[in-house]
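J.: One file is attached below, coords05.pdb, containing PDB, C-alpha atoms and all ligand atoms.
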```
ATOM      1  CA  THR V   1       9.250  26.425  11.021
ATOM      2  CA  GLN V   2       8.738  25.091   7.488
ATOM      3  CA  SER V   3       6.026  22.477   7.045
ATOM      4  CA  THR V   4       6.706  19.140   5.372
ATOM      5  CA  ARG V   5       4.967  17.842   2.240
ATOM      6  CA  PRO V   6       3.019  15.211   4.229
ATOM      7  CA  GLN V   7       1.819  17.976   6.578
ATOM      8  CA  ARG V   8       0.690  20.058   3.592
ATOM      9  CA  LEU V   9      -1.035  16.994   2.133
ATOM     10  CA  LEU V  10      -2.879  16.421   5.445
ATOM     11  CA  HIS V  11      -3.977  20.084   5.524
ATOM     12  CA  ALA V  12      -5.348  19.721   1.985
ATOM     13  CA  VAL V  13      -7.410  16.729   3.185
ATOM     14  CA  GLN V  14      -8.712  18.610   6.242
ATOM     15  CA  LYS V  15      -9.572  21.624   4.084
ATOM     16  CA  ASN V  16     -11.127  19.882   1.062
ATOM     17  CA  ALA V  17     -12.403  16.456   2.133
ATOM     18  CA  THR V  18     -15.573  15.613   4.074
ATOM     19  CA  ARG V  19     -15.008  13.917   7.439
ATOM     20  CA  GLY V  20     -16.052  10.249   7.258
ATOM     21  CA  ASP V  21     -16.053  10.193   3.461
ATOM     22  CA  PRO V  22     -13.068   8.090   2.284
ATOM     23  CA  ARG V  23     -13.599   8.770  -1.422
ATOM     24  CA  SER V  24     -13.482  12.550  -0.784
ATOM     25  CA  VAL V  25     -10.178  12.023   1.082
ATOM     26  CA  VAL V  26      -8.753  10.114  -1.908
ATOM     27  CA  LYS V  27      -9.961  12.843  -4.283
ATOM     28  CA  ALA V  28      -8.528  15.640  -2.120
ATOM     29  CA  ILE V  29      -5.083  13.981  -2.102
ATOM     30  CA  ASP V  30      -5.143  13.372  -5.861
ATOM     31  CA  ASN V  31      -6.132  17.004  -6.507
ATOM     32  CA  PHE V  32      -3.377  18.228  -4.166
ATOM     33  CA  CYS V  33      -0.786  16.068  -5.952
ATOM     34  CA  ARG V  34      -1.952  17.055  -9.443
ATOM     35  CA  GLN V  35      -2.354  20.774  -8.761
ATOM     36  CA  LYS V  36       0.128  21.560  -5.973
ATOM     37  CA  GLU V  37       2.854  18.995  -5.159
ATOM     38  CA  TRP V  38       3.654  15.547  -6.540
ATOM     39  CA  ALA V  39       3.735  12.862  -3.842
ATOM     40  CA  MET V  40       4.383   9.104  -4.006
ATOM     41  CA  ASN V  41       0.788   7.922  -3.611
ATOM     42  CA  VAL V  42      -0.297   5.090  -5.879
ATOM     43  CA  GLY V  43      -2.590   7.711  -7.466
ATOM     44  CA  ASP V  44      -5.922   7.513  -9.267
ATOM     45  CA  GLU V  45      -4.988   5.617 -12.439
ATOM     46  CA  LYS V  46      -3.170   2.753 -10.714
ATOM     47  CA  GLY V  47      -5.641   3.261  -7.845
ATOM     48  CA  CYS V  48      -8.487   2.112 -10.076
ATOM     49  CA  ILE V  49      -6.579  -1.105 -10.821
ATOM     50  CA  LEU V  50      -5.986  -1.492  -7.063
ATOM     51  CA  ASP V  51      -9.722  -0.998  -6.460
ATOM     52  CA  SER V  52     -10.648  -3.692  -8.978
ATOM     53  CA  VAL V  53      -8.217  -6.214  -7.461
ATOM     54  CA  VAL V  54      -9.458  -5.470  -3.914
ATOM     55  CA  SER V  55     -13.089  -5.824  -5.016
ATOM     56  CA  GLU V  56     -12.309  -9.109  -6.800
ATOM     57  CA  VAL V  57     -10.389 -10.599  -3.849
ATOM     58  CA  ASN V  58     -12.819  -9.240  -1.213
ATOM     59  CA  PRO V  59     -10.108  -9.793   1.431
ATOM     60  CA  VAL V  60     -10.724 -10.213   5.169
ATOM     61  CA  THR V  61      -7.044  -9.737   6.133
ATOM     62  CA  VAL V  62      -4.852  -7.304   4.214
ATOM     63  CA  LEU V  63      -1.181  -6.374   4.705
ATOM     64  CA  GLU V  64       0.144  -3.107   3.251
ATOM     65  CA  LEU V  65       3.896  -2.511   3.193
ATOM     66  CA  GLY V  66       4.502   1.248   3.106
ATOM     67  CA  THR V  67       1.750   3.490   4.489
ATOM     68  CA  TYR V  68       3.335   6.886   3.711
ATOM     69  CA  CYS V  69       0.371   9.300   4.106
ATOM     70  CA  GLY V  70      -2.304   6.605   4.019
ATOM     71  CA  TYR V  71      -3.702   7.225   0.520
ATOM     72  CA  SER V  72      -3.769   3.562  -0.572
ATOM     73  CA  THR V  73      -4.615   2.477   2.974
ATOM     74  CA  VAL V  74      -7.810   4.569   2.858
ATOM     75  CA  ARG V  75      -8.482   3.507  -0.746
ATOM     76  CA  ILE V  76      -8.275  -0.204   0.149
ATOM     77  CA  ALA V  77     -10.080   0.057   3.504
ATOM     78  CA  SER V  78     -13.021   1.911   1.915
ATOM     79  CA  LEU V  79     -13.726  -1.245  -0.147
ATOM     80  CA  LEU V  80     -13.372  -3.841   2.637
ATOM     81  CA  PRO V  81     -16.319  -5.861   3.983
ATOM     82  CA  PRO V  82     -17.468  -5.021   7.585
ATOM     83  CA  ARG V  83     -15.164  -7.200   9.746
ATOM     84  CA  ALA V  84     -12.168  -7.021   7.393
ATOM     85  CA  LYS V  85      -8.915  -5.450   8.602
ATOM     86  CA  ILE V  86      -5.793  -3.958   7.060
ATOM     87  CA  ILE V  87      -2.430  -3.918   8.841
ATOM     88  CA  THR V  88      -0.127  -1.300   7.328
ATOM     89  CA  LEU V  89       3.594  -1.088   8.142
ATOM     90  CA  GLU V  90       5.273   2.325   8.247
ATOM     91  CA  PHE V  91       8.964   2.859   9.097
ATOM     92  CA  ASN V  92       8.989   6.664   9.417
ATOM     93  CA  PRO V  93       7.235   7.947  12.579
ATOM     94  CA  ASP V  94       6.501  11.347  11.007
ATOM     95  CA  TYR V  95       4.734   9.679   8.056
ATOM     96  CA  ALA V  96       2.866   7.347  10.446
ATOM     97  CA  LYS V  97       1.646  10.369  12.446
ATOM     98  CA  ILE V  98       0.259  12.010   9.280
ATOM     99  CA  ALA V  99      -1.266   8.736   8.027
ATOM    100  CA  ARG V 100      -3.155   8.195  11.298
ATOM    101  CA  GLN V 101      -4.733  11.652  10.903
ATOM    102  CA  VAL V 102      -5.647  11.057   7.244
ATOM    103  CA  ILE V 103      -7.170   7.684   8.229
ATOM    104  CA  ALA V 104      -9.089   9.330  11.112
ATOM    105  CA  TRP V 105     -10.447  12.029   8.758
ATOM    106  CA  ALA V 106     -11.741   9.246   6.494
ATOM    107  CA  GLY V 107     -13.365   7.598   9.555
ATOM    108  CA  LEU V 108     -11.611   4.278   8.904
ATOM    109  CA  GLU V 109      -9.665   3.835  12.171
ATOM    110  CA  ASP V 110     -11.629   0.677  13.056
ATOM    111  CA  LYS V 111     -10.517  -1.130   9.909
ATOM    112  CA  ILE V 112      -6.877  -0.040   9.865
ATOM    113  CA  GLN V 113      -3.937  -0.779  12.151
ATOM    114  CA  VAL V 114      -0.852   1.379  11.476
ATOM    115  CA  VAL V 115       2.237  -0.444  12.816
ATOM    116  CA  GLU V 116       5.488   1.515  13.107
ATOM    117  CA  GLY V 117       8.822  -0.101  12.336
ATOM    118  CA  PRO V 118      10.733  -2.068   9.699
ATOM    119  CA  SER V 119       8.865  -4.764   7.752
ATOM    120  CA  GLY V 120      11.720  -7.229   8.295
ATOM    121  CA  GLU V 121      11.147  -7.076  12.040
ATOM    122  CA  TRP V 122       7.354  -6.962  12.070
ATOM    123  CA  ILE V 123       6.490  -9.661   9.498
ATOM    124  CA  PRO V 124       7.844 -12.485  11.732
ATOM    125  CA  LYS V 125       5.677 -11.142  14.585
ATOM    126  CA  MET V 126       2.372 -10.919  12.693
ATOM    127  CA  LYS V 127       0.945 -14.176  14.047
ATOM    128  CA  GLU V 128       1.862 -13.714  17.720
ATOM    129  CA  GLN V 129       1.228  -9.939  17.887
ATOM    130  CA  PHE V 130      -1.893  -9.555  15.731
ATOM    131  CA  GLY V 131      -3.388 -13.039  15.635
ATOM    132  CA  VAL V 132      -2.984 -13.174  11.865
ATOM    133  CA  LYS V 133      -3.140 -16.664  10.325
ATOM    134  CA  THR V 134      -2.568 -15.822   6.654
ATOM    135  CA  PHE V 135      -3.102 -12.721   4.514
ATOM    136  CA  ASP V 136      -5.644 -12.689   1.688
ATOM    137  CA  LEU V 137      -4.028  -9.692   0.011
ATOM    138  CA  VAL V 138      -0.605  -8.008   0.331
ATOM    139  CA  PHE V 139      -0.023  -4.562  -1.238
ATOM    140  CA  LEU V 140       3.702  -3.842  -1.667
ATOM    141  CA  ASP V 141       4.565  -0.142  -1.925
ATOM    142  CA  HIS V 142       7.544   0.375   0.388
ATOM    143  CA  TRP V 143      11.313   0.449  -0.328
ATOM    144  CA  LYS V 144      11.733  -1.233  -3.701
ATOM    145  CA  ASP V 145      14.729  -3.326  -2.609
ATOM    146  CA  ARG V 146      12.581  -4.793   0.196
ATOM    147  CA  TYR V 147       9.853  -6.283  -2.038
ATOM    148  CA  LEU V 148      11.749  -9.538  -2.692
ATOM    149  CA  PRO V 149      13.221 -10.194   0.772
ATOM    150  CA  ASP V 150       9.882  -9.419   2.412
ATOM    151  CA  THR V 151       8.012 -11.720   0.002
ATOM    152  CA  LYS V 152      10.394 -14.554   0.887
ATOM    153  CA  LEU V 153       9.942 -13.680   4.577
ATOM    154  CA  LEU V 154       6.149 -13.841   4.211
ATOM    155  CA  GLU V 155       6.528 -17.301   2.616
ATOM    156  CA  ASP V 156       8.899 -18.517   5.339
ATOM    157  CA  CYS V 157       6.620 -17.235   8.126
ATOM    158  CA  GLY V 158       3.660 -19.143   6.666
ATOM    159  CA  LEU V 159       1.708 -15.915   6.150
ATOM    160  CA  LEU V 160       0.713 -16.745   2.548
ATOM    161  CA  ARG V 161      -1.900 -19.362   1.630
ATOM    162  CA  LYS V 162      -2.906 -20.962  -1.674
ATOM    163  CA  GLY V 163      -4.618 -18.075  -3.480
ATOM    164  CA  THR V 164      -3.090 -15.157  -1.549
ATOM    165  CA  ILE V 165      -2.736 -12.189  -3.911
ATOM    166  CA  LEU V 166       0.400 -10.027  -3.913
ATOM    167  CA  LEU V 167      -0.096  -6.663  -5.640
ATOM    168  CA  ALA V 168       3.088  -4.636  -6.155
ATOM    169  CA  ASP V 169       3.329  -0.942  -7.067
ATOM    170  CA  ASN V 170       6.180   0.582  -9.127
ATOM    171  CA  VAL V 171       7.429  -2.569 -10.799
ATOM    172  CA  ILE V 172       8.591  -0.381 -13.749
ATOM    173  CA  CYS V 173       9.212   3.033 -12.137
ATOM    174  CA  PRO V 174      11.270   3.218  -9.941
ATOM    175  CA  GLY V 175      11.334  -0.542 -10.697
ATOM    176  CA  THR V 176      11.723  -3.737  -8.715
ATOM    177  CA  PRO V 177      13.679  -5.969 -11.126
ATOM    178  CA  ASP V 178      14.703  -8.721  -8.703
ATOM    179  CA  TYR V 179      11.116  -9.009  -7.356
ATOM    180  CA  LEU V 180       9.646  -9.123 -10.889
ATOM    181  CA  GLU V 181      12.102 -11.798 -11.995
ATOM    182  CA  TYR V 182      11.213 -13.879  -8.926
ATOM    183  CA  VAL V 183       7.404 -13.777  -9.128
ATOM    184  CA  ARG V 184       7.436 -14.198 -12.929
ATOM    185  CA  ASN V 185       9.755 -17.235 -12.898
ATOM    186  CA  SER V 186       8.955 -18.988  -9.634
ATOM    187  CA  PRO V 187       6.655 -22.035 -10.015
ATOM    188  CA  ARG V 188       5.023 -20.884  -6.759
ATOM    189  CA  TYR V 189       3.405 -17.813  -8.385
ATOM    190  CA  LYS V 190       1.123 -16.995 -11.293
ATOM    191  CA  SER V 191       1.925 -13.391 -12.242
ATOM    192  CA  GLN V 192       0.183 -10.744 -14.358
ATOM    193  CA  TYR V 193       1.296  -7.196 -15.274
ATOM    194  CA  PHE V 194      -1.181  -4.303 -15.314
ATOM    195  CA  LYS V 195       0.324  -1.549 -17.452
ATOM    196  CA  SER V 196      -0.391   1.988 -16.268
ATOM    197  CA  HIS V 197       1.452   5.241 -15.561
ATOM    198  CA  LEU V 198       3.503   6.618 -12.723
ATOM    199  CA  GLU V 199       1.142   8.573 -10.467
ATOM    200  CA  TYR V 200       0.305  12.067 -11.767
ATOM    201  CA  THR V 201       2.706  11.699 -14.728
ATOM    202  CA  LYS V 202       2.848  10.276 -18.277
ATOM    203  CA  ALA V 203       5.789   7.975 -17.478
ATOM    204  CA  GLU V 204       5.111   4.257 -17.731
ATOM    205  CA  ASP V 205       4.633   2.271 -14.553
ATOM    206  CA  GLY V 206       2.425  -0.648 -13.593
ATOM    207  CA  LEU V 207       1.201  -3.046 -10.951
ATOM    208  CA  GLU V 208       2.204  -6.721 -10.824
ATOM    209  CA  LYS V 209      -0.494  -9.048  -9.496
ATOM    210  CA  SER V 210       0.852 -12.415  -8.345
ATOM    211  CA  VAL V 211      -1.174 -15.339  -6.980
ATOM    212  CA  PHE V 212       0.664 -17.561  -4.471
ATOM    213  CA  LEU V 213       0.060 -21.170  -5.545
ATOM    214  CA  GLY V 214       1.107 -22.737  -2.219
TER     215      GLY V 214
HETATM  216  O1  LIG C   1      10.267   5.141  -3.446
HETATM  217  C1  LIG C   1       9.039   4.981  -3.487
HETATM  218  N1  LIG C   1       8.355   4.436  -2.471
HETATM  219  C2  LIG C   1       9.062   4.095  -1.252
HETATM  220  C3  LIG C   1       8.056   4.126  -0.150
HETATM  221  C4  LIG C   1       8.440   3.995   1.092
HETATM  222  C5  LIG C   1       7.465   4.066   2.205
HETATM  223  O2  LIG C   1       7.471   2.821   2.891
HETATM  224  C6  LIG C   1       7.838   3.054   4.235
HETATM  225  N2  LIG C   1       8.467   1.849   4.763
HETATM  226  C7  LIG C   1       7.698   1.022   5.546
HETATM  227  C8  LIG C   1       8.229  -0.127   6.081
HETATM  228  C9  LIG C   1       9.568  -0.469   5.829
HETATM  229  O3  LIG C   1      10.068  -1.510   6.319
HETATM  230  C10 LIG C   1      10.330   0.402   5.020
HETATM  231  C11 LIG C   1       9.775   1.555   4.495
HETATM  232  C12 LIG C   1       8.681   4.307   4.200
HETATM  233  O4  LIG C   1       8.799   4.903   5.470
HETATM  234  C13 LIG C   1       7.881   5.139   3.221
HETATM  235  O5  LIG C   1       6.721   5.677   3.814
HETATM  236  C14 LIG C   1       8.271   5.427  -4.667
HETATM  237  C15 LIG C   1       8.912   6.252  -5.562
HETATM  238  C16 LIG C   1       8.221   6.714  -6.669
HETATM  239  N3  LIG C   1       8.920   7.571  -7.582
HETATM  240  O6  LIG C   1       8.338   7.961  -8.619
HETATM  241  O7  LIG C   1      10.100   7.890  -7.326
HETATM  242  C17 LIG C   1       6.900   6.354  -6.926
HETATM  243  C18 LIG C   1       6.255   5.504  -6.019
HETATM  244  O8  LIG C   1       4.957   5.113  -6.215
HETATM  245  C19 LIG C   1       6.932   5.023  -4.895
HETATM  246  O9  LIG C   1       6.258   4.158  -4.074
HETATM  247 MG    MG C   2       4.440   3.463  -4.998
END
```
Turn this file's structure into structure tokens for me.
T.:
Amino acid sequence: TQSTRPQRLLHAVQKNATRGDPRSVVKAIDNFCRQKEWAMNVGDEKGCILDSVVSEVNPVTVLELGTYCGYSTVRIASLLPPRAKIITLEFNPDYAKIARQVIAWAGLEDKIQVVEGPSGEWIPKMKEQFGVKTFDLVFLDHWKDRYLPDTKLLEDCGLLRKGTILLADNVICPGTPDYLEYVRNSPRYKSQYFKSHLEYTKAEDGLEKSVFLG
């Protein structure tokens, strides 16, 4: 039977990356996507912006919306301090299965919890199920029409604190116009656009970094 692109991406990691070396996993995926098949990872150019925000925030509790194959999950987790954790929500069980294996190859299982299901259902359960008080950093990279409703849900569930950073991928391509309008005009956020390019292409895209002001 024909393999899927995530399966081929995982095989490229297992073939080209060193077990327990997260940066080699990131590099193997980027090489696969540049040389073989495009895939919707945040990629290396926007990934460097992600790295700088993670290093600046030095978060203890991270939420990622949209795991896919685990590229940004591994990228973020590789920069976290020892007891820090990332919870990543993935709707598609096939993607979650691949992501768990990519994460295991990187040796980052202890820092990452892959949770399967829709963000709208899981966000209200974060406190009771995972003992989360508030998130220090949220990386939004799931369905683009879910960025805004899930941000409002995070606010309503008391999962954001003064200073929580929201970092959103694809605010230009494919675009998240309603989310952008909200975080750029709401008095509850201070927002900043980091211009970049759509992963592995020359098209414009960028990350929007928004600080929740409480
Ligand atoms: O569409 C894009 N991303 C949608 C991602 C969706 C991911 O989020 C999960 N999810 C997890 C939890 C949910 O509740 C819902 C979905 C889905 O199961 C999928 O794994 C996209 C598209 C392009 N592009 O160039 O076309 C570029 C990008 O960087 C992108 O991120
Ligand atoms: Mg994306």
J.: Leaving out range 53-68 of chain V and any residue of its chain fewer than 5 positions from it, which residues lie within 6 Å of it when counting only C-alpha atoms, given as a PyMOL selection string?
T.: chain V and resi 84-90+95+135-142
J.: Which residues, written as a list in words, have at least one atom at most 9 Å from range 127-134 of chain V, with all atoms listed in the file counted and residues fewer than 4 positions away on the same chain left out?
T.: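 Counting all atoms listed in the file, the residues come to Thr61, Ile87, Trp122, Ile123, Cys157, Gly158, Leu159, Leu160, Arg161 and Thr164 of chain V.
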J.: Selection in question (the file shown): the PyMOL selection byres (((not hetatm)) within 10 of (chain C and resi 2)). Which residues does it include, as an NGL selection string?
T.: :V and (39-43 or 46 or 66-68 or 72 or 139-144 or 168-171 or 173-175 or 198-199 or 205-207)
J.: May I have the protein, DNA and RNA residues with an atom at most 12 Å from (11.3, -13.5, 1.2), counting all atoms listed in the file in the file's coordinates, returned as a list in words?
T.: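 Within 12 Å of (11.3, -13.5, 1.2), the protein and nucleic acid residues are Ser119, Gly120, Ile123, Pro124, Asp145, Arg146, Tyr147, Leu148, Pro149, Asp150, Thr151, Lys152, Leu153, Leu154, Glu155, Asp156, Cys157, Gly158, Leu159, Leu160, Asp178, Tyr179, Tyr182 and Val183 of chain V.
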J.: Could you name the residues that touch Lys36 in chain V at 12 Å or less, counting only C-alpha atoms, but leaving out those on the same chain fewer than 3 positions away, as a list in words?
T.: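 Answer for this query is Arg5, Arg8, Leu9, Ala12, Ala28, Ile29, Asp30, Asn31, Phe32, Cys33, Ala39 and Tyr200 of chain V.
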J.: For Arg184 in chain V, find every residue with an atom within 12 Å (counting all atoms listed in the file), except residues of its own chain fewer than 3 positions away, and show them as a PDB file with C-alpha atoms, in the frame of the given file.
T.:
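File part_6.pdb, as written:
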```
ATOM      1  CA  VAL V 171       7.429  -2.569 -10.799  1.00  0.00           C
ATOM      2  CA  PRO V 177      13.679  -5.969 -11.126  1.00  0.00           C
ATOM      3  CA  ASP V 178      14.703  -8.721  -8.703  1.00  0.00           C
ATOM      4  CA  TYR V 179      11.116  -9.009  -7.356  1.00  0.00           C
ATOM      5  CA  LEU V 180       9.646  -9.123 -10.889  1.00  0.00           C
ATOM      6  CA  GLU V 181      12.102 -11.798 -11.995  1.00  0.00           C
ATOM      7  CA  PRO V 187       6.655 -22.035 -10.015  1.00  0.00           C
ATOM      8  CA  ARG V 188       5.023 -20.884  -6.759  1.00  0.00           C
ATOM      9  CA  TYR V 189       3.405 -17.813  -8.385  1.00  0.00           C
ATOM     10  CA  LYS V 190       1.123 -16.995 -11.293  1.00  0.00           C
ATOM     11  CA  SER V 191       1.925 -13.391 -12.242  1.00  0.00           C
ATOM     12  CA  GLN V 192       0.183 -10.744 -14.358  1.00  0.00           C
ATOM     13  CA  TYR V 193       1.296  -7.196 -15.274  1.00  0.00           C
ATOM     14  CA  GLU V 208       2.204  -6.721 -10.824  1.00  0.00           C
ATOM     15  CA  LYS V 209      -0.494  -9.048  -9.496  1.00  0.00           C
ATOM     16  CA  SER V 210       0.852 -12.415  -8.345  1.00  0.00           C
ATOM     17  CA  VAL V 211      -1.174 -15.339  -6.980  1.00  0.00           C
ATOM     18  CA  PHE V 212       0.664 -17.561  -4.471  1.00  0.00           C
TER      19      PHE V 212
END
```
J.: Written as a list in words, what is the full residue list that the PyMOL selection byres (((chain V and resi 92) around 9) and not hetatm) yields on the file shown?
T.: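 Here the PyMOL selection byres (((chain V and resi 92) around 9) and not hetatm) matches Tyr68, Glu90, Phe91, Pro93, Asp94, Tyr95, Ala96, Lys97, Glu116, Gly117 and Pro118 of chain V.
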